[in-house]
$ cat final09.txt   # compact mmCIF, C-alpha atoms and all ligand atoms
# COMPACT_ATOMS: atom_id res chain seq x y z
CA MET P 253 99.97 130.02 101.26
CA ILE P 254 99.26 129.01 104.81
CA LYS P 255 96.03 129.65 106.60
CA ASP P 256 94.29 128.08 109.51
CA ILE P 257 90.76 126.96 108.93
CA PRO P 258 88.26 128.49 111.31
CA ILE P 259 86.17 126.40 113.63
CA ILE P 260 82.54 126.71 112.75
CA ALA P 261 80.86 125.04 115.69
CA GLU P 262 80.16 127.08 118.78
CA GLN P 263 82.01 126.18 121.93
CA ALA P 264 80.39 123.57 124.09
CA GLN P 265 79.68 124.29 127.72
CA GLN P 266 82.92 124.32 129.67
CA PRO P 267 82.97 123.82 133.43
CA ARG P 268 83.42 127.15 135.24
CA ARG P 269 86.96 127.69 136.37
CA THR P 270 87.51 128.99 139.86
CA ASN P 271 91.27 129.07 140.12
CA PRO P 272 92.44 132.67 139.46
CA LEU P 273 95.73 131.37 138.15
CA ALA P 274 94.10 129.06 135.61
CA HIS P 275 94.97 131.12 132.56
CA VAL P 276 98.58 131.38 133.68
CA PHE P 277 98.79 127.62 133.76
CA ASP P 278 97.06 127.50 130.41
CA GLU P 279 99.62 129.77 128.86
CA LEU P 280 102.45 127.84 130.39
CA MET P 281 101.00 124.59 129.15
CA ASN P 282 100.42 125.96 125.68
CA PHE P 283 103.99 127.21 125.56
CA ALA P 284 105.37 123.89 126.71
CA ARG P 285 103.16 122.03 124.29
CA SER P 286 104.16 124.17 121.34
CA ARG P 287 107.82 123.52 122.01
CA SER P 288 107.69 119.76 122.12
CA LEU P 289 105.71 118.31 119.29
CA PHE P 290 105.86 114.74 118.18
CA MET P 291 104.98 114.23 114.60
CA LEU P 292 103.52 111.19 112.93
CA HIS P 293 104.14 111.55 109.23
CA TYR P 294 101.73 109.52 107.23
CA CYS P 295 103.58 109.52 103.95
CA THR P 296 100.81 108.93 101.49
CA GLY P 297 102.08 110.66 98.40
CA CYS P 298 105.08 112.10 96.65
CA GLY P 299 105.20 115.14 98.95
CA ALA P 300 106.89 112.95 101.55
CA ILE P 301 110.12 113.38 99.59
CA GLU P 302 110.51 116.87 101.01
CA LEU P 303 110.38 115.62 104.58
CA PRO P 304 113.84 114.03 104.87
CA PRO P 305 115.60 117.35 104.12
CA ALA P 306 113.17 119.15 106.42
CA MET P 307 113.95 116.70 109.21
CA THR P 308 117.66 116.25 108.79
CA SER P 309 120.60 118.60 109.17
CA ARG P 310 119.93 121.02 106.33
CA PHE P 311 116.64 122.41 107.57
CA ASP P 312 116.55 120.58 110.87
CA MET P 313 113.05 120.71 112.25
CA GLU P 314 114.28 119.43 115.58
CA ARG P 315 115.50 122.91 116.43
CA LEU P 316 111.82 123.81 116.54
CA GLY P 317 111.22 120.96 118.94
CA ILE P 318 109.53 118.74 116.39
CA GLN P 319 110.51 115.11 116.26
CA PRO P 320 109.21 112.15 114.36
CA MET P 321 107.25 109.67 116.42
CA VAL P 322 106.55 106.07 115.65
CA THR P 323 103.05 105.46 116.95
CA PRO P 324 99.85 107.47 116.69
CA ARG P 325 99.15 107.20 120.40
CA GLN P 326 102.23 109.23 121.29
CA ALA P 327 102.02 111.75 118.49
CA ASP P 328 100.71 115.31 118.50
CA ILE P 329 100.82 116.12 114.81
CA LEU P 330 99.49 114.01 112.00
CA LEU P 331 101.26 115.04 108.84
CA VAL P 332 99.49 113.89 105.69
CA THR P 333 101.94 114.31 102.89
CA GLY P 334 100.29 114.21 99.53
CA TYR P 335 97.40 112.62 97.71
CA VAL P 336 95.15 110.38 99.77
CA SER P 337 93.55 107.48 98.02
CA ILE P 338 90.18 106.46 99.34
CA LYS P 339 91.63 103.28 100.77
CA THR P 340 94.38 105.24 102.51
CA LEU P 341 91.92 107.77 103.86
CA LYS P 342 90.24 105.03 105.89
CA ARG P 343 93.57 104.20 107.50
CA ILE P 344 94.28 107.87 108.13
CA ILE P 345 90.99 108.26 109.95
CA LEU P 346 91.72 105.16 112.02
CA THR P 347 95.13 106.60 112.86
CA TYR P 348 93.76 110.02 113.66
CA GLU P 349 91.13 108.71 116.01
CA GLN P 350 93.73 106.78 117.96
CA MET P 351 95.84 109.84 118.63
CA GLY P 352 95.50 111.41 122.03
CA SER P 353 94.18 114.94 122.26
CA PRO P 354 95.24 117.65 121.70
CA LYS P 355 96.14 116.65 118.16
CA HIS P 356 96.78 118.59 115.01
CA VAL P 357 96.49 117.65 111.37
CA ILE P 358 98.65 119.22 108.69
CA GLY P 359 97.91 118.63 105.04
CA ILE P 360 101.01 119.01 102.92
CA CYS P 361 100.71 119.32 99.13
CA SER P 362 98.02 120.61 96.83
CA CYS P 363 96.55 117.15 96.58
CA THR P 364 95.24 117.33 100.12
CA VAL P 365 93.75 120.77 99.45
CA ASN P 366 91.66 120.08 96.37
CA GLY P 367 92.89 116.90 94.73
CA GLY P 368 95.77 118.61 92.95
CA MET P 369 96.74 116.95 89.72
CA TYR P 370 94.52 114.00 90.65
CA TRP P 371 91.40 116.14 90.55
CA GLN P 372 89.67 113.81 88.09
CA SER P 373 90.94 110.52 89.50
CA TYR P 374 88.46 107.96 90.72
CA ALA P 375 90.87 106.72 93.36
CA THR P 376 91.76 109.76 95.45
CA ALA P 377 89.82 111.78 97.96
CA LYS P 378 89.87 115.47 97.16
CA LYS P 379 89.47 117.65 100.24
CA LEU P 380 91.06 116.35 103.39
CA ASP P 381 89.23 118.79 105.66
CA GLU P 382 85.89 117.19 104.79
CA TYR P 383 86.93 114.07 106.63
CA LEU P 384 89.30 115.33 109.31
CA PRO P 385 89.68 118.71 110.99
CA VAL P 386 92.79 120.05 109.27
CA ASP P 387 94.68 122.69 111.21
CA LEU P 388 96.93 123.89 108.47
CA TYR P 389 97.52 123.34 104.80
CA ILE P 390 100.89 123.77 103.17
CA ALA P 391 100.14 124.06 99.49
CA GLY P 392 102.53 123.41 96.66
CA CYS P 393 103.31 120.56 94.37
CA MET P 394 105.38 119.73 96.33
CA PRO P 395 106.16 122.41 98.94
CA ARG P 396 109.84 123.04 99.51
CA PRO P 397 111.30 122.25 102.94
CA GLU P 398 111.34 126.00 103.67
CA ALA P 399 107.58 126.05 103.22
CA VAL P 400 107.20 122.98 105.42
CA ILE P 401 109.30 124.61 108.14
CA SER P 402 107.40 127.89 107.93
CA GLY P 403 104.13 125.98 108.07
CA LEU P 404 105.26 124.16 111.17
CA GLN P 405 106.35 127.47 112.70
CA LYS P 406 102.89 128.83 112.03
CA LEU P 407 101.42 125.82 113.79
CA ILE P 408 103.71 126.35 116.76
CA ASP P 409 102.59 129.97 116.92
CA ASN P 410 98.96 128.95 116.80
CA ILE P 411 99.42 126.39 119.54
CA LYS P 412 101.26 128.90 121.70
CA HIS P 413 98.40 131.34 121.41
CA GLY P 414 95.83 128.64 121.97
CA LYS P 415 94.36 129.07 118.49
CA SER P 416 95.01 125.65 117.07
CA ASP P 417 92.17 123.62 118.50
CA ASN P 418 90.48 122.23 115.46
CA TRP P 419 90.63 118.80 117.04
CA LYS P 420 87.74 119.94 119.23
CA ASP P 421 85.78 120.49 116.07
CA TYR P 422 85.92 116.78 115.32
CA TYR P 423 84.08 116.07 118.55
CA GLN P 424 81.72 119.01 118.34
CA ARG P 425 80.70 118.38 114.75
CA TYR P 426 81.29 114.63 114.58
CA ASP P 427 78.05 114.14 112.69
CA HIS P 428 79.30 116.33 109.83
CA TYR P 429 82.61 114.51 109.49
CA LEU P 430 80.98 111.12 109.84
CA GLY P 431 78.46 112.04 107.16
CA ASN P 432 81.24 112.84 104.69
CA GLN P 433 83.03 109.64 105.58
CA GLN P 434 79.89 107.59 105.08
CA HIS P 435 79.24 109.30 101.77
CA LEU P 436 82.62 108.10 100.52
CA PHE P 437 83.01 104.75 102.25
CA GLY P 438 79.45 103.51 102.26
CA ASN P 439 76.93 103.19 105.04
CA ASN P 440 78.69 100.33 106.78
CA TRP P 441 81.65 102.48 107.71
CA GLN P 442 82.70 102.28 111.35
CA THR P 443 85.87 102.73 113.33
CA PRO P 444 86.90 101.00 116.55
CA THR P 445 87.10 104.32 118.41
CA ASP P 446 84.08 105.52 120.35
CA VAL P 447 84.25 109.17 119.31
CA ILE P 448 80.92 110.12 120.89
CA GLY P 449 81.98 108.65 124.22
CA GLU P 450 85.25 110.52 124.01
CA ALA P 451 83.43 113.74 123.25
CA ARG P 452 81.42 113.31 126.46
CA GLU P 453 84.58 112.47 128.37
CA TYR P 454 86.41 115.57 127.19
CA GLY P 455 83.40 117.81 127.80
CA LEU P 456 83.24 118.59 124.12
CA PHE P 457 79.83 117.16 123.44
CA GLY P 458 78.17 119.77 121.25
CA PRO P 459 74.74 120.14 119.66
CA GLN P 460 76.11 118.79 116.35
CA THR P 461 77.93 115.79 117.77
CA LEU P 462 74.90 113.61 117.20
CA GLY P 463 72.73 113.66 114.11
CA GLN P 464 71.31 111.51 111.38
CA HIS P 465 74.69 110.09 110.41
CA THR P 466 75.54 108.96 113.93
CA GLU P 467 72.09 107.36 114.08
CA LEU P 468 72.96 105.45 110.94
CA LEU P 469 76.27 104.46 112.50
CA GLU P 470 74.52 103.15 115.59
CA SER P 471 72.16 101.05 113.51
CA VAL P 472 74.99 99.30 111.64
CA GLN P 473 77.65 99.27 114.32
CA LYS P 474 78.93 95.89 115.34
CA PRO P 475 80.40 95.70 118.83
CA LEU P 476 84.12 95.06 118.82
CA GLN P 477 85.16 91.55 119.67
CA PRO P 478 88.34 90.97 121.63
CA LEU P 479 90.97 89.32 119.49
CA GLU P 480 91.36 85.65 120.06
CA MET P 481 94.67 84.81 121.68
CA LYS P 482 96.39 81.82 120.18
CA LEU P 483 99.82 80.40 120.62
CA MET Q 149 122.16 91.02 64.95
CA SER Q 150 118.69 92.49 64.54
CA GLN Q 151 118.51 90.99 61.06
CA GLU Q 152 119.26 87.58 62.47
CA LEU Q 153 116.68 88.02 65.16
CA THR Q 154 113.95 88.92 62.71
CA ARG Q 155 114.94 86.04 60.48
CA MET Q 156 114.86 83.69 63.44
CA LEU Q 157 111.43 84.93 64.46
CA ASP Q 158 110.19 84.68 60.90
CA THR Q 159 111.23 81.05 60.73
CA LEU Q 160 109.77 80.42 64.14
CA THR Q 161 106.40 81.88 63.28
CA LYS Q 162 106.05 80.57 59.75
CA ASP Q 163 103.65 77.85 60.85
CA ILE Q 164 101.43 80.30 62.70
CA ALA Q 165 98.76 81.67 60.45
CA GLY Q 166 98.54 85.42 60.31
CA ALA Q 167 101.61 86.14 62.43
CA LYS Q 168 103.43 89.25 61.24
CA VAL Q 169 106.87 90.18 62.56
CA THR Q 170 108.01 93.80 62.48
CA LEU Q 171 111.28 95.16 63.73
CA LYS Q 172 110.58 98.28 65.79
CA ARG Q 173 114.11 99.06 66.90
CA ALA Q 174 117.29 97.11 67.43
CA ARG Q 175 116.38 94.15 69.69
CA ARG Q 176 112.74 95.14 69.89
CA MET Q 177 110.23 93.20 67.82
CA ARG Q 178 106.51 93.32 67.43
CA ILE Q 179 104.43 90.35 66.38
CA ASP Q 180 100.79 90.77 65.45
CA VAL Q 181 98.84 87.58 65.75
CA ASP Q 182 95.27 86.33 65.79
CA ALA Q 183 93.72 85.67 69.15
CA ASP Q 184 93.41 81.91 68.68
CA ALA Q 185 97.06 81.60 67.64
CA LEU Q 186 98.56 83.61 70.49
CA PRO Q 187 99.04 80.76 73.01
CA ALA Q 188 100.76 78.68 70.32
CA LEU Q 189 103.00 81.63 69.46
CA LEU Q 190 103.96 82.21 73.10
CA GLU Q 191 104.68 78.52 73.52
CA LEU Q 192 107.02 78.64 70.53
CA LEU Q 193 108.68 81.81 71.74
CA GLN Q 194 109.23 80.33 75.17
CA GLY Q 195 110.22 76.83 74.18
CA ARG Q 196 112.21 77.38 71.00
CA GLY Q 197 113.05 81.05 71.05
CA SER Q 198 114.37 81.40 74.63
CA TYR Q 199 111.86 84.14 75.51
CA VAL Q 200 111.41 82.85 79.03
CA HIS Q 201 110.63 86.05 80.91
CA LEU Q 202 107.16 87.56 80.76
CA SER Q 203 107.71 91.21 81.69
CA ALA Q 204 104.13 92.40 81.50
CA ILE Q 205 100.77 92.01 79.89
CA SER Q 206 99.18 95.28 78.93
CA CYS Q 207 95.69 95.96 77.77
CA VAL Q 208 94.31 98.72 75.56
CA ASP Q 209 90.65 99.51 75.25
CA TRP Q 210 89.84 100.36 71.61
CA ILE Q 211 86.28 101.35 72.26
CA ASP Q 212 85.59 102.61 68.71
CA ASP Q 213 86.63 99.27 67.22
CA ASN Q 214 84.80 97.48 70.04
CA GLN Q 215 87.98 95.56 70.80
CA PHE Q 216 90.51 95.00 73.54
CA GLU Q 217 94.13 94.80 72.56
CA LEU Q 218 96.36 92.57 74.67
CA VAL Q 219 100.11 92.97 74.51
CA TYR Q 220 102.38 90.28 75.89
CA HIS Q 221 105.93 91.47 76.45
CA VAL Q 222 108.45 88.65 76.62
CA TRP Q 223 112.19 88.98 77.09
CA SER Q 224 115.04 86.72 76.16
CA TYR Q 225 118.16 86.62 78.28
CA GLU Q 226 120.10 84.94 75.53
CA SER Q 227 119.57 87.36 72.69
CA ASN Q 228 118.76 90.24 75.07
CA SER Q 229 115.72 91.20 73.07
CA LEU Q 230 112.10 91.99 73.71
CA VAL Q 231 109.17 90.68 71.75
CA SER Q 232 105.73 92.24 72.09
CA ALA Q 233 102.96 89.97 70.90
CA HIS Q 234 99.87 92.00 70.03
CA THR Q 235 96.46 90.51 69.67
CA ARG Q 236 92.94 91.85 69.60
CA ILE Q 237 89.82 90.27 71.04
CA PRO Q 238 86.22 91.45 70.86
CA ARG Q 239 85.14 93.70 73.70
CA ASP Q 240 82.01 91.60 74.17
CA PRO Q 241 81.99 89.23 76.00
CA GLY Q 242 85.59 90.06 76.89
CA VAL Q 243 86.76 86.55 77.67
CA TYR Q 244 90.18 85.21 76.81
CA LEU Q 245 92.47 82.30 77.62
CA SER Q 246 94.92 82.49 80.47
CA ILE Q 247 98.58 81.78 79.74
CA TYR Q 248 99.24 80.84 83.34
CA ASP Q 249 100.42 77.35 82.38
CA LEU Q 250 103.14 78.88 80.18
CA TYR Q 251 104.21 81.82 82.32
CA LYS Q 252 103.41 81.76 86.04
CA PRO Q 253 103.66 85.53 86.57
CA ALA Q 254 100.73 85.92 84.21
CA ALA Q 255 98.45 85.22 87.18
CA PHE Q 256 99.10 88.69 88.58
CA PHE Q 257 98.92 90.53 85.29
CA GLU Q 258 95.68 88.83 84.34
CA ARG Q 259 94.15 89.51 87.71
CA ASP Q 260 95.12 93.15 87.37
CA ILE Q 261 93.63 93.41 83.88
CA HIS Q 262 90.48 91.69 85.06
CA GLU Q 263 90.15 94.27 87.79
CA MET Q 264 90.94 97.31 85.68
CA PHE Q 265 89.24 96.35 82.40
CA GLY Q 266 86.77 93.66 83.38
CA LEU Q 267 88.33 91.18 80.98
CA TYR Q 268 87.93 87.58 82.14
CA PHE Q 269 90.77 85.07 81.70
CA GLU Q 270 89.69 81.46 81.60
CA GLY Q 271 92.04 79.17 83.47
CA SER Q 272 93.69 81.88 85.50
CA PRO Q 273 94.17 80.74 89.11
CA SER Q 274 92.44 83.69 90.71
CA MET Q 275 90.18 86.39 89.37
CA GLU Q 276 89.60 87.94 92.78
CA LYS Q 277 89.99 91.62 93.51
CA PHE Q 278 93.60 92.64 93.63
CA ILE Q 279 94.35 96.27 94.47
CA LEU Q 280 90.94 97.91 94.28
CA THR Q 281 89.61 95.75 97.10
CA GLU Q 282 87.29 98.49 98.30
CA TRP Q 283 86.04 99.65 94.92
CA GLU Q 284 82.45 98.85 94.03
CA GLY Q 285 82.09 100.66 90.72
CA PRO Q 286 82.74 99.45 87.16
CA PRO Q 287 86.30 98.56 86.07
CA PRO Q 288 87.84 102.02 86.07
CA MET Q 289 90.23 101.77 83.13
CA ARG Q 290 87.53 101.01 80.59
CA LYS Q 291 86.98 103.89 78.23
CA ASP Q 292 83.25 103.89 78.90
CA PHE Q 293 83.81 104.67 82.57
CA ASP Q 294 83.78 108.44 82.88
CA ALA Q 295 86.06 109.13 85.84
CA GLU Q 296 85.49 112.87 85.66
CA ALA Q 297 81.72 112.50 85.90
CA TRP Q 298 82.17 110.08 88.79
CA VAL Q 299 84.36 112.61 90.59
CA ARG Q 300 81.83 115.35 89.95
CA ASP Q 301 79.07 113.20 91.44
CA THR Q 302 81.06 112.07 94.45
CA PHE Q 303 83.04 115.11 95.52
CA THR Q 304 82.36 118.79 95.78
CA GLU Q 305 84.79 121.25 94.32
CA ARG Q 306 86.93 123.49 96.43
CA ASP Q 307 85.79 127.08 96.50
CA TYR Q 308 88.50 129.09 94.77
CA ASN Q 309 87.48 132.43 96.26
CA PRO Q 310 86.97 131.80 99.96
CA GLU Q 311 86.65 134.69 102.39
CA TRP Q 312 89.91 133.99 104.09
CA LEU Q 313 91.90 134.16 100.87
CA LYS Q 314 90.88 137.80 100.32
CA GLU Q 315 93.61 139.31 102.41
CA LEU Q 316 96.20 137.16 100.67
CA THR Q 317 94.95 138.09 97.19
CA ASP Q 318 94.76 141.75 98.17
CA ALA Q 319 98.40 141.54 99.18
CA GLY Q 320 99.23 140.16 95.73
CA GLY Q 321 99.27 136.47 96.62
CA GLY Q 322 96.84 133.63 96.04
CA ILE Q 323 95.63 132.46 92.67
CA ALA Q 324 96.26 135.05 89.96
CA ILE Q 325 94.58 133.19 87.10
CA ARG Q 326 91.48 131.23 87.98
CA PRO Q 327 91.31 127.62 86.72
CA GLN Q 328 88.18 128.34 84.67
CA ASP Q 329 90.06 131.08 82.79
CA ILE Q 330 92.91 128.72 81.96
CA ARG Q 331 90.62 126.05 80.51
CA LYS Q 332 88.86 128.55 78.26
S1 LIG P 501 100.65 117.96 95.29
FE1 LIG P 501 102.10 117.21 93.76
S2 LIG P 501 103.84 116.47 94.95
FE2 LIG P 501 102.12 116.62 96.33
S3 LIG P 501 101.17 114.60 96.37
FE3 LIG P 501 100.11 115.83 94.83
S4 LIG P 501 101.15 115.36 92.93
FE4 LIG P 501 102.50 114.70 94.57
$ encode --input "final09.txt" --output "C-alpha cells"
Amino acid sequence: MIKDIPIIAEQAQQPRRTNPLAHVFDELMNFARSRSLFMLHYCTGCGAIELPPAMTSRFDMERLGIQPMVTPRQADILLVTGYVSIKTLKRIILTYEQMGSPKHVIGICSCTVNGGMYWQSYATAKKLDEYLPVDLYIAGCMPRPEAVISGLQKLIDNIKHGKSDNWKDYYQRYDHYLGNQQHLFGNNWQTPTDVIGEAREYGLFGPQTLGQHTELLESVQKPLQPLEMKL
Amino acid sequence: MSQELTRMLDTLTKDIAGAKVTLKRARRMRIDVDADALPALLELLQGRGSYVHLSAISCVDWIDDNQFELVYHVWSYESNSLVSAHTRIPRDPGVYLSIYDLYKPAAFFERDIHEMFGLYFEGSPSMEKFILTEWEGPPPMRKDFDAEAWVRDTFTERDYNPEWLKELTDAGGGIAIRPQDIRK
C-alpha cells in the first residue's frame, strides 16, 4: 500500500516567470533529479534489515539511480526504516532540517505509519507525518525488498512529474509541525536550523509558517554559540 | 553432577537462615532467600562457590503483593552452572542495598532498575539516568504506570478510513478487517 500524502497548505506566492522555456527546464531538471537520488537511510528499527538486499545485487536499487549517501547535507531522500523512539525522533528532525532542498522523506514499516506493534509503547512516536512531511509510506512489518523498490519507483515517478514536493509543506506549515514537536518534546525544544529564515529564502513563506508555536519557540530560543576551538 | 551441585549449594547455604535451594534443570539452580541475607549469600557464592560472573539482575513488580522481586543471576565457569538468587523487598519505600562491592557490573544493572522501576540502591556508584535520559514521567516498567493511557493522552490515533484509501479498498486492497472488529 503506497500513497503520497497530499499537501494541505496553499501555495505561497511564487515570483512570476517570464522565460517561455521555463517549464521545459523544469521538466528536464525534474527528470534529472528523479534519476539521481542520494539516500540517507536512518536505520532506526528492524525494517532496516530489508535494505541490504534492496541495495545489493539481488534487487539492486542502483539501477534506479539510487545510492546510499553518508551525510545529510548531500542526501535527497531520508529513509526512516522502522519504529522511531522519541529520543531518535529528535535526531531525525535535526538530520532532516540539515538536508538541502528538495528533500523527500520515506517512512518504511508500519511502525512509522501508526506505531505498528509498538502502538501502546511509551517510548515510540506513532505517526511520523505529524513531525515531518512524509512523501511516501511503505507499509508492512517489514516490507519486502520488492515493496521497497516499488515504493522508490513510485517516488521517482512523483519526482519526475513534479508531484513530490511535500518538503515545501514543512516551510509553509512550519507552525503545525513545530507544534506537534513541542507537544512531544516539551516547550524548550529547538533545533539549530533557522527554518523560518530558510522559508523566506526559498520564497516558501506561507500564512501558516508563523503561529503560536513559533512564538513560543522565539521566547525560549537560545542563540547558538560557536563551538570553542581547543587543541 | 546436578546432585553434587545441589549438595554443594546446600552445604554452602546451611548457615544462611531461610535459604532454600531448588534444582530447576540440570545446572540451573534457584535459591530463595530473605532480603537481609542476600548479600551474605552472594558473597558465599562468589568467594566459596566460584560463581564469579554476575550475568544480570532482573526485577519483577508484584503489585498485588506490594513487593518487588529481585533476581540475581550468577554463573560459575568451573561448574558451568547458573544460580538465580531470588529475594523480595517491600515496594514501599523501595530501597535496597547495592552489591557493587561484590560484583562491579552491578552498577549498570542497578542503575537500569532504578530508572525502570524507581527502586533505589544504597551504595551504588551512580543512580543517574541511564537510557531514558529524556523521559520525565514515572518509571515506566512499574505496574502502576499505565502505558496505554499515556499513549492515548499523548498521541492521536491514525484514521483507519481516510479518503485516499477508498480507491484502494474499492479495488479489494487496504484493511479488510478493522482493528476494532478484531479486538471484539
Ligand atoms: S513495522 Fe515491524 S519490522 Fe518494521 S520496525 Fe515495526 S516492528 Fe520492526
$ interface_residues --input "final09.txt" --of "chain Q" --to "chain P" --cutoff "9 Å" --atoms "only C-alpha atoms" --output "ChimeraX atom specification"
/Q:280-283,288,295-300,302-306,312-313,316,321-322
$ residues_around --input "final09.txt" --residues "range 194-210 of chain Q" --least-positions-apart "2" --cutoff "9 Å" --atoms "all atoms listed in the file" --output "PyMOL selection string"
chain Q and resi 156-157+160+189-192+212-227+229-231+239+250-254+257-258+261+265+289-291
$ atom_distance --input "final09.txt" --atom1 "CA of His428 in chain P" --atom2 "atom FE2 of ligand LIG 501 (chain P)"
26.5 Å
$ residues_near_ligand --input "final09.txt" --ligand "ligand LIG 501 (chain P)" --cutoff "7 Å" --atoms "all atoms listed in the file" --output "PDB file with C-alpha atoms, keeping the file's coordinate frame"
ATOM      1  CA  GLY P 297     102.080 110.660  98.400  1.00  0.00           C
ATOM      2  CA  CYS P 298     105.080 112.100  96.650  1.00  0.00           C
ATOM      3  CA  GLY P 299     105.200 115.140  98.950  1.00  0.00           C
ATOM      4  CA  THR P 333     101.940 114.310 102.890  1.00  0.00           C
ATOM      5  CA  GLY P 334     100.290 114.210  99.530  1.00  0.00           C
ATOM      6  CA  TYR P 335      97.400 112.620  97.710  1.00  0.00           C
ATOM      7  CA  CYS P 361     100.710 119.320  99.130  1.00  0.00           C
ATOM      8  CA  SER P 362      98.020 120.610  96.830  1.00  0.00           C
ATOM      9  CA  CYS P 363      96.550 117.150  96.580  1.00  0.00           C
ATOM     10  CA  GLY P 368      95.770 118.610  92.950  1.00  0.00           C
ATOM     11  CA  MET P 369      96.740 116.950  89.720  1.00  0.00           C
ATOM     12  CA  GLY P 392     102.530 123.410  96.660  1.00  0.00           C
ATOM     13  CA  CYS P 393     103.310 120.560  94.370  1.00  0.00           C
ATOM     14  CA  MET P 394     105.380 119.730  96.330  1.00  0.00           C
TER      15      MET P 394
END
$ atom_distance --input "final09.txt" --atom1 "CA of Asn410 in chain P" --atom2 "CA of Glu453 in chain P"
24.7 Å
$ residues_near_point --input "final09.txt" --point "(109.2, 123.3, 123.2)" --cutoff "10 Å" --atoms "all atoms listed in the file" --output "list in words"
Asn282, Phe283, Ala284, Arg285, Ser286, Arg287, Ser288, Leu289, Glu314, Arg315, Leu316, Gly317, Ile318, Ile408 and Lys412 of chain P
$ atom_distance --input "final09.txt" --atom1 "CA of Met351 in chain P" --atom2 "CA of Ile411 in chain P"
17.0 Å
$ closest_residue --input "final09.txt" --among "Q:Glu263, Q:Tyr308, Q:Gly166, Q:Ser272" --to "Pro287 in chain Q" --atoms "only C-alpha atoms"
Q:Glu263
$ residues_near_point --input "final09.txt" --point "(79.2, 97.9, 116.6)" --cutoff "12 Å" --atoms "all atoms listed in the file" --output "ChimeraX atom specification"
/P:440-446,466,468-477
$ closest_residue --input "final09.txt" --among "Q:Thr170, Q:Glu270, Q:Asp182, Q:Ala188" --to "Arg236 in chain Q" --atoms "only C-alpha atoms"
Q:Asp182
$ residues_around --input "final09.txt" --residues "range 324-327 of chain P" --least-positions-apart "5" --cutoff "6 Å" --atoms "all atoms listed in the file" --output "PDB file with C-alpha atoms, in the frame of the given file"
ATOM      1  CA  PHE P 290     105.860 114.740 118.180  1.00  0.00           C
ATOM      2  CA  MET P 291     104.980 114.230 114.600  1.00  0.00           C
ATOM      3  CA  LEU P 292     103.520 111.190 112.930  1.00  0.00           C
ATOM      4  CA  GLN P 350      93.730 106.780 117.960  1.00  0.00           C
ATOM      5  CA  MET P 351      95.840 109.840 118.630  1.00  0.00           C
ATOM      6  CA  GLY P 352      95.500 111.410 122.030  1.00  0.00           C
TER       7      GLY P 352
END
$ axis_aligned_box --input "final09.txt" --around "range 311-320 of chain Q" --padding-each-side "8 Å" --output "JSON"
{"center_x": 92.9, "center_y": 137.9, "center_z": 99.9, "size_x": 28.6, "size_y": 23.8, "size_z": 24.4}
